[in-house]
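Source file: data_2.tsv; contents: TSV, C-alpha atoms.
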```
chain	number	residue	atom	x	y	z
A	1419	MET	CA	67.95	20.42	-7.81
A	1420	ALA	CA	70.33	22.60	-5.80
A	1421	ASN	CA	69.20	23.45	-2.29
A	1422	ARG	CA	68.11	27.05	-1.91
A	1423	SER	CA	66.73	28.67	1.21
A	1424	ARG	CA	63.17	29.93	0.83
A	1425	THR	CA	61.39	32.87	2.46
A	1426	TRP	CA	57.82	34.18	2.21
A	1427	ASP	CA	57.29	37.77	1.21
A	1428	LEU	CA	54.41	39.99	2.33
A	1429	TYR	CA	52.21	38.70	-0.47
A	1430	GLY	CA	52.69	35.02	0.38
A	1431	LYS	CA	54.98	34.38	-2.56
A	1432	VAL	CA	58.05	32.26	-2.24
A	1433	SER	CA	61.38	34.00	-2.86
A	1434	SER	CA	64.84	32.46	-2.88
A	1435	SER	CA	67.93	33.96	-1.21
A	1436	PRO	CA	71.32	33.64	-2.87
A	1437	PRO	CA	72.99	30.29	-2.33
A	1438	PRO	CA	75.71	30.20	0.33
A	1439	ASN	CA	78.54	30.00	-2.21
A	1440	ARG	CA	77.34	33.18	-3.90
A	1441	ARG	CA	77.11	35.02	-0.59
A	1442	LEU	CA	80.65	33.90	0.20
A	1443	TRP	CA	81.88	35.15	-3.19
A	1444	LEU	CA	80.26	38.55	-2.60
A	1445	LEU	CA	81.83	38.79	0.83
A	1446	LEU	CA	85.28	37.86	-0.47
A	1447	SER	CA	84.94	40.36	-3.34
A	1448	LEU	CA	84.08	43.11	-0.86
A	1449	GLN	CA	87.01	42.22	1.35
A	1450	LEU	CA	89.38	42.13	-1.62
A	1451	THR	CA	88.13	45.54	-2.76
A	1452	LEU	CA	88.72	47.00	0.69
A	1453	ILE	CA	92.21	45.51	0.80
A	1454	VAL	CA	93.11	46.93	-2.62
A	1455	VAL	CA	91.74	50.38	-1.76
A	1456	GLY	CA	93.55	50.33	1.57
A	1457	SER	CA	96.77	49.30	-0.14
A	1458	PHE	CA	96.64	52.23	-2.53
A	1459	TYR	CA	96.13	54.61	0.37
A	1460	ALA	CA	99.07	52.98	2.15
A	1461	CYS	CA	101.20	53.66	-0.94
A	1462	GLY	CA	101.30	57.33	0.06
A	1463	SER	CA	103.21	56.49	3.23
A	1464	VAL	CA	105.60	54.20	1.36
A	1465	PHE	CA	106.33	56.76	-1.35
A	1466	ARG	CA	106.99	59.50	1.21
A	1467	ARG	CA	109.77	57.24	2.56
A	1468	ALA	CA	111.09	56.13	-0.85
A	1469	ASN	CA	114.48	57.77	-0.38
A	1470	SER	CA	115.00	56.10	2.99
A	1471	LEU	CA	114.09	52.80	1.33
A	1472	GLY	CA	116.97	53.06	-1.12
A	1473	ARG	CA	115.74	55.25	-3.98
A	1474	ARG	CA	118.37	57.70	-5.22
A	1475	CYS	CA	117.21	60.72	-7.19
A	1476	LEU	CA	120.53	62.54	-6.92
A	1477	PRO	CA	123.52	60.27	-7.55
A	1478	LEU	CA	126.02	63.03	-6.75
A	1479	HIS	CA	126.03	64.61	-3.33
A	1480	GLY	CA	127.14	68.09	-2.41
A	1481	ASN	CA	126.05	71.25	-0.69
A	1482	ILE	CA	124.66	74.52	-1.97
A	1483	SER	CA	128.06	75.59	-3.29
A	1484	GLY	CA	127.68	73.08	-6.13
A	1485	GLY	CA	130.74	71.01	-5.27
A	1486	SER	CA	133.33	70.96	-8.06
A	1487	THR	CA	130.97	72.42	-10.65
A	1488	PRO	CA	132.06	75.95	-11.68
A	1489	LYS	CA	129.71	78.68	-10.48
A	1490	LEU	CA	127.47	79.82	-13.31
A	1491	LYS	CA	124.96	82.63	-13.50
A	1492	MET	CA	121.51	81.13	-13.09
A	1493	ALA	CA	117.91	82.28	-12.76
A	1494	MET	CA	114.80	80.57	-11.47
A	1495	VAL	CA	111.84	81.74	-13.53
A	1496	SER	CA	108.13	81.25	-12.89
A	1497	LEU	CA	104.80	83.00	-13.49
A	1498	SER	CA	101.11	82.73	-12.70
A	1499	GLU	CA	97.86	84.30	-13.82
A	1500	GLU	CA	95.73	85.34	-10.85
A	1501	LEU	CA	92.35	84.73	-12.44
A	1502	LYS	CA	89.62	82.87	-10.59
A	1503	GLY	CA	88.96	79.42	-11.92
A	1504	GLY	CA	87.76	75.99	-10.94
A	1505	LYS	CA	89.38	73.52	-8.60
A	1506	ARG	CA	92.71	73.85	-10.44
A	1507	SER	CA	92.88	77.60	-10.05
A	1508	PHE	CA	96.31	79.17	-9.52
A	1509	GLN	CA	94.80	82.17	-7.74
A	1510	GLY	CA	96.97	83.19	-4.79
A	1511	LEU	CA	99.47	80.41	-5.44
A	1512	MET	CA	102.40	82.53	-6.58
A	1513	GLU	CA	102.09	84.74	-3.52
A	1514	MET	CA	102.20	81.63	-1.34
A	1515	VAL	CA	105.25	79.98	-2.95
A	1516	ARG	CA	107.28	83.12	-3.78
A	1517	SER	CA	109.03	83.35	-0.41
A	1518	ASN	CA	109.97	79.65	-0.60
A	1519	LYS	CA	111.63	80.09	-3.98
A	1520	LYS	CA	113.22	83.46	-3.24
A	1521	ALA	CA	114.79	82.10	-0.05
A	1522	TYR	CA	116.26	79.20	-2.00
A	1523	ALA	CA	117.53	81.51	-4.76
A	1524	GLU	CA	119.20	83.82	-2.25
A	1525	LYS	CA	120.84	80.87	-0.52
A	1526	GLY	CA	122.25	79.57	-3.79
A	1527	GLY	CA	123.20	82.92	-5.32
A	1528	TYR	CA	120.57	82.73	-8.07
A	1529	ASP	CA	118.05	85.29	-9.30
A	1530	PHE	CA	114.36	84.60	-8.89
A	1531	ILE	CA	112.25	86.12	-11.67
A	1532	ASP	CA	108.45	86.36	-11.65
A	1533	GLY	CA	107.49	86.68	-15.31
A	1534	SER	CA	103.76	87.16	-14.73
A	1535	ASP	CA	103.82	90.55	-16.45
A	1536	LEU	CA	104.80	88.77	-19.69
A	1537	ILE	CA	101.65	86.65	-19.93
A	1538	ASP	CA	100.11	86.66	-23.40
A	1539	HIS	CA	96.36	86.70	-22.78
A	1540	THR	CA	95.57	85.38	-26.25
A	1541	ARG	CA	96.67	81.93	-25.07
A	1542	PRO	CA	96.33	79.84	-21.91
A	1543	PRO	CA	98.82	81.23	-19.32
A	1544	SER	CA	101.15	78.20	-19.34
A	1545	TRP	CA	102.25	79.01	-22.87
A	1546	SER	CA	103.84	82.22	-21.59
A	1547	LYS	CA	106.55	80.24	-19.83
A	1548	ILE	CA	108.23	80.24	-23.24
A	1549	LEU	CA	108.14	84.04	-23.39
A	1550	ALA	CA	109.42	84.38	-19.82
A	1551	VAL	CA	112.38	82.04	-20.38
A	1552	ARG	CA	113.20	83.55	-23.75
A	1553	SER	CA	113.16	87.11	-22.40
A	1554	CYS	CA	115.89	86.52	-19.81
A	1555	LEU	CA	117.95	83.70	-21.31
A	1556	ARG	CA	120.54	86.00	-22.86
A	1557	ASN	CA	121.41	87.34	-19.37
A	1558	TYR	CA	122.14	83.96	-17.75
A	1559	ASP	CA	124.16	80.82	-18.36
A	1560	TRP	CA	121.20	78.66	-17.37
A	1561	VAL	CA	117.53	79.36	-16.74
A	1562	PHE	CA	115.56	76.97	-14.56
A	1563	TRP	CA	111.85	77.13	-15.35
A	1564	ASN	CA	109.48	75.99	-12.61
A	1565	ASP	CA	105.68	76.18	-12.74
A	1566	ALA	CA	103.90	78.20	-10.07
A	1567	ASP	CA	102.57	74.98	-8.51
A	1568	THR	CA	106.06	73.85	-7.44
A	1569	LEU	CA	107.90	74.18	-4.13
A	1570	VAL	CA	111.52	73.71	-3.15
A	1571	THR	CA	111.46	71.02	-0.47
A	1572	ASN	CA	115.20	70.45	0.01
A	1573	SER	CA	117.32	73.57	-0.27
A	1574	SER	CA	120.57	71.68	0.40
A	1575	ILE	CA	120.45	70.48	-3.23
A	1576	SER	CA	121.81	73.15	-5.56
A	1577	LEU	CA	120.95	73.72	-9.19
A	1578	GLU	CA	124.60	72.95	-9.92
A	1579	ASN	CA	124.18	69.57	-8.22
A	1580	ILE	CA	121.23	68.80	-10.47
A	1581	LEU	CA	122.99	69.84	-13.65
A	1582	GLN	CA	126.06	67.82	-12.75
A	1583	ALA	CA	123.93	64.77	-11.99
A	1584	VAL	CA	122.46	64.92	-15.51
A	1585	ILE	CA	125.35	66.08	-17.68
A	1586	GLY	CA	128.42	65.15	-15.65
A	1587	ASP	CA	131.48	67.38	-15.64
A	1588	SER	CA	131.10	68.76	-19.15
A	1589	ASP	CA	132.12	72.40	-19.56
A	1590	PHE	CA	129.50	74.98	-20.38
A	1591	ASP	CA	130.03	75.08	-24.15
A	1592	SER	CA	129.79	71.29	-24.57
A	1593	SER	CA	126.71	70.87	-22.38
A	1594	PRO	CA	123.28	70.01	-23.77
A	1595	ASP	CA	120.91	72.93	-24.19
A	1596	LEU	CA	117.68	71.54	-22.77
A	1597	ILE	CA	117.32	69.32	-19.70
A	1598	LEU	CA	113.95	67.69	-19.01
A	1599	THR	CA	112.25	65.06	-16.92
A	1600	GLU	CA	109.60	62.65	-18.09
A	1601	ASP	CA	106.63	61.04	-16.36
A	1602	VAL	CA	104.39	58.16	-17.41
A	1603	THR	CA	103.04	60.26	-20.31
A	1604	GLY	CA	106.38	61.52	-21.64
A	1605	VAL	CA	108.41	64.71	-21.19
A	1606	ASN	CA	106.96	67.29	-18.83
A	1607	ALA	CA	107.08	71.05	-19.37
A	1608	GLY	CA	106.48	71.92	-15.70
A	1609	THR	CA	110.18	72.16	-14.83
A	1610	PHE	CA	113.20	72.29	-17.14
A	1611	PHE	CA	116.64	73.83	-17.61
A	1612	VAL	CA	117.64	75.82	-20.69
A	1613	ARG	CA	121.23	76.80	-21.49
A	1614	ARG	CA	122.06	80.10	-23.14
A	1615	SER	CA	122.77	79.30	-26.80
A	1616	ASN	CA	121.57	80.02	-30.30
A	1617	TRP	CA	120.02	76.55	-30.46
A	1618	SER	CA	117.99	77.23	-27.33
A	1619	GLN	CA	116.67	80.52	-28.68
A	1620	GLU	CA	115.62	78.85	-31.92
A	1621	PHE	CA	114.00	75.96	-30.07
A	1622	LEU	CA	111.98	78.32	-27.86
A	1623	ASP	CA	110.85	80.27	-30.93
A	1624	THR	CA	109.78	77.05	-32.65
A	1625	TRP	CA	107.95	75.87	-29.54
A	1626	TRP	CA	106.04	79.15	-29.30
A	1627	ASN	CA	105.06	78.91	-32.95
A	1628	GLN	CA	103.33	75.51	-32.50
A	1629	THR	CA	99.96	77.29	-32.56
A	1630	SER	CA	98.03	74.21	-33.70
A	1631	PHE	CA	98.50	72.78	-30.19
A	1632	VAL	CA	96.90	75.71	-28.35
A	1633	ARG	CA	93.84	74.53	-26.38
A	1634	PHE	CA	91.22	76.47	-24.45
A	1635	GLY	CA	88.53	75.32	-22.06
A	1636	SER	CA	90.08	72.01	-21.02
A	1637	SER	CA	92.56	70.67	-18.48
A	1638	LYS	CA	95.26	70.82	-21.18
A	1639	SER	CA	96.54	74.06	-22.62
A	1640	GLY	CA	98.66	72.40	-25.31
A	1641	ASP	CA	102.14	73.67	-24.49
A	1642	ASN	CA	103.21	70.31	-23.08
A	1643	ASP	CA	101.86	68.45	-26.10
A	1644	ALA	CA	103.71	70.88	-28.36
A	1645	LEU	CA	106.95	70.17	-26.48
A	1646	LYS	CA	106.43	66.42	-26.76
A	1647	ASN	CA	105.88	66.76	-30.50
A	1648	LEU	CA	109.03	68.83	-31.00
A	1649	ILE	CA	111.15	66.36	-29.04
A	1650	SER	CA	109.70	63.43	-30.96
A	1651	VAL	CA	110.57	64.86	-34.39
A	1652	LEU	CA	114.14	65.92	-33.62
A	1653	PRO	CA	116.71	63.90	-35.60
A	1654	SER	CA	118.52	61.42	-33.37
A	1655	ASP	CA	121.88	63.20	-33.65
A	1656	VAL	CA	120.33	66.58	-32.77
A	1657	LEU	CA	118.45	65.04	-29.85
A	1658	ALA	CA	121.61	63.40	-28.50
A	1659	LYS	CA	123.61	66.62	-28.71
A	1660	HIS	CA	121.11	69.19	-27.44
A	1661	VAL	CA	118.56	67.44	-25.21
A	1662	ARG	CA	119.07	65.42	-22.06
A	1663	ILE	CA	116.37	63.70	-20.01
A	1664	SER	CA	117.05	62.95	-16.37
A	1665	PRO	CA	116.96	59.19	-15.67
A	1666	MET	CA	115.14	59.99	-12.41
A	1667	GLN	CA	112.11	62.27	-12.58
A	1668	CYS	CA	112.41	62.95	-8.85
A	1669	LEU	CA	115.74	64.71	-9.43
A	1670	PHE	CA	113.84	67.98	-9.86
A	1671	ASN	CA	110.19	67.26	-10.68
A	1672	SER	CA	108.55	65.01	-8.08
A	1673	TYR	CA	104.78	64.46	-8.05
A	1674	PRO	CA	102.95	63.91	-4.74
A	1675	TRP	CA	101.00	60.67	-4.42
A	1676	PHE	CA	97.24	60.97	-4.01
A	1677	PRO	CA	95.10	57.82	-4.37
A	1678	SER	CA	92.66	57.86	-7.29
A	1679	TRP	CA	91.59	55.51	-10.05
A	1680	LYS	CA	94.08	57.20	-12.39
A	1681	THR	CA	97.04	56.90	-10.03
A	1682	ALA	CA	96.06	53.32	-9.19
A	1683	TYR	CA	95.99	52.43	-12.89
A	1684	ARG	CA	99.36	54.07	-13.50
A	1685	LEU	CA	100.90	52.33	-10.51
A	1686	VAL	CA	99.81	48.96	-11.91
A	1687	THR	CA	100.81	49.67	-15.52
A	1688	SER	CA	103.97	51.76	-14.97
A	1689	PRO	CA	105.36	50.95	-11.50
A	1690	SER	CA	108.95	51.88	-12.39
A	1691	ALA	CA	107.99	55.34	-13.67
A	1692	ILE	CA	105.83	55.99	-10.60
A	1693	TRP	CA	108.66	54.95	-8.29
A	1694	LYS	CA	111.10	57.27	-10.08
A	1695	GLY	CA	108.79	60.26	-10.00
A	1696	THR	CA	106.73	60.22	-6.80
A	1697	TYR	CA	107.56	62.76	-4.12
A	1698	SER	CA	109.50	61.58	-1.08
A	1699	TYR	CA	110.96	63.39	1.91
A	1700	GLY	CA	114.35	64.72	0.83
A	1701	ASP	CA	113.47	65.40	-2.81
A	1702	PHE	CA	114.52	68.75	-4.23
A	1703	MET	CA	111.17	69.96	-5.57
A	1704	VAL	CA	107.54	68.89	-5.49
A	1705	HIS	CA	105.22	69.67	-8.41
A	1706	LEU	CA	101.44	69.67	-7.90
A	1707	ALA	CA	100.88	68.73	-11.53
A	1708	GLY	CA	97.28	68.03	-12.51
A	1709	LEU	CA	95.97	68.36	-8.94
A	1710	ASP	CA	92.94	70.24	-7.68
A	1711	GLU	CA	92.98	72.68	-4.75
A	1712	LYS	CA	96.61	73.58	-5.38
A	1713	ARG	CA	96.76	76.36	-2.81
A	1714	ARG	CA	95.55	74.12	0.02
A	1715	LYS	CA	97.95	71.31	-0.92
A	1716	ALA	CA	100.86	73.72	-1.28
A	1717	ALA	CA	100.13	75.02	2.21
A	1718	GLU	CA	100.17	71.46	3.57
A	1719	ILE	CA	103.57	70.76	2.02
A	1720	LEU	CA	105.00	74.06	3.28
A	1721	ARG	CA	104.03	73.05	6.81
A	1722	GLU	CA	105.84	69.72	6.34
A	1723	ILE	CA	109.16	71.19	5.22
A	1724	PRO	CA	111.67	71.33	8.11
A	1725	GLU	CA	112.98	74.81	8.84
A	1726	ASP	CA	116.52	73.75	8.05
A	1727	ALA	CA	115.61	71.94	4.80
```
For this file, write the structure as structure tokens.
Amino acid sequence: MANRSRTWDLYGKVSSSPPPNRRLWLLLSLQLTLIVVGSFYACGSVFRRANSLGRRCLPLHGNISGGSTPKLKMAMVSLSEELKGGKRSFQGLMEMVRSNKKAYAEKGGYDFIDGSDLIDHTRPPSWSKILAVRSCLRNYDWVFWNDADTLVTNSSISLENILQAVIGDSDFDSSPDLILTEDVTGVNAGTFFVRRSNWSQEFLDTWWNQTSFVRFGSSKSGDNDALKNLISVLPSDVLAKHVRISPMQCLFNSYPWFPSWKTAYRLVTSPSAIWKGTYSYGDFMVHLAGLDEKRRKAAEILREIPEDA
């Protein structure tokens, strides 16, 4: 029989303690768990330095003038509903980020438009981004939609720089109409560019009419799922002509890294996508997608941005 240490309990009964090899296994398991957890927390520091470690979100460099790209009329459009909610409430967020975005728009010669007065209260507020973009598209060459939970973190990168990085030197009429990024789940509706065209107007109308995707009372409102569905059913030739997806999510839609079981799982299963999309110092824009306590986290990032950024 295997040797087991014996002890006497208060009632005089013999009890056996775990064998030494089992205690060693438990200790090693605990140490491994602590190492793994610590490693995921350390990932935050690594990701914040991703650009200094060789990652390149923007392959073309230039200043706010847009380099050789012709100056086009552009608008940055956003909105927010100021209703109280749970941990993911947007209350007070637009007021906090407005000055950040307006300063960037003024520096680049763009218009900043707050479309909050266009919110359709029969749907979750995020659906109204479609209405806001559609309402002003005819007055601009390009409209850059950005959710209220986004911040410009590097104002030396112009919207022209971003467009040129995605579409090259194509003239306005031959450019794609919709420019997106994608994360580990697919295309993301939090930030995107739309070009003024008949195709764009029709696409926005079709997107708005995807009423079967509208969701209430959950973390998903359905507008992003509707967009994914529309992109997935476009014929290949139409997709190639009218839609372009940035090869690097961090070009204009970076997500901050916060350790959790979900982010740990995604890092293990989709390391390339996480590397391409996680926020690093020097990125153009950070997007607090899917995060709680947005106002507090936005305030933290604002304090981190250098005054000359």
I'd like the contact shell of A:Lys1547 - 8 Å cut-off, only C-alpha atoms, skipping same-chain residues fewer than 5 positions apart - returned as a list in words. Ser1496, Leu1497, Gly1533 and Trp1563 of chain A
Restricting the calculation to all atoms listed in the file, which member of A:Phe1465, A:Phe1508, A:Trp1545, A:Phe1530 is positioned closest to A:Lys1638?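 Closest to A:Lys1638 of all the choices is A:Trp1545.
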Quick one: of A:Phe1670, A:Trp1625, A:Trp1679, A:Trp1617, who's nearest to A:Val1570, counting only C-alpha atoms?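 Smallest separation from A:Val1570 among the options: A:Phe1670.
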Spatial neighbours of A:Tyr1697, max dist 9 Å, all atoms listed in the file, sep filter under 2 positions, as JSON, numbers by chain: {"A": [1465, 1466, 1467, 1468, 1668, 1671, 1672, 1673, 1674, 1675, 1693, 1694, 1695, 1699, 1700, 1701, 1703, 1704, 1705]}
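Look at stretch 1597-1604 of chain A: the protein and nucleic acid residues within 7 Å of it, using all atoms listed in the file and passing over chain neighbours fewer than 6 places away, are Phe1610, Phe1611, Val1612, Val1661, Arg1662, Ile1663, Ser1664, Gln1667, Asn1671, Ser1688, Ala1691 and Gly1695 of chain A.
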Nearest to A:Arg1556, chosen from A:Thr1609, A:Gln1619, A:Ser1637, A:Leu1652, with only C-alpha atoms counted in the distances: A:Gln1619
Find, counting only C-alpha atoms, the residue in A:Leu1476, A:Ile1575, A:Ile1531, A:Leu1645 that gets nearest to A:Ala1493. A:Ile1531
Looking at all atoms listed in the file, which of A:Gly1640, A:Gly1635, A:Pro1594, A:Gly1526 is the one that sits closest to A:Ser1574? A:Gly1526
Would you work out the distance separating atom CA of A:Thr1696 from atom CA of A:Tyr1528, expressed in Å to one decimal?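 According to the coordinates, atom CA of A:Thr1696 and atom CA of A:Tyr1528 are separated by 26.5 Å.
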So how many Å separate atom CA of A:Asp1710 and atom CA of A:Thr1568, to one decimal? 13.6 Å
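Atom CA of A:Asn1642 sits 17.5 Å away from atom CA of A:Leu1657.
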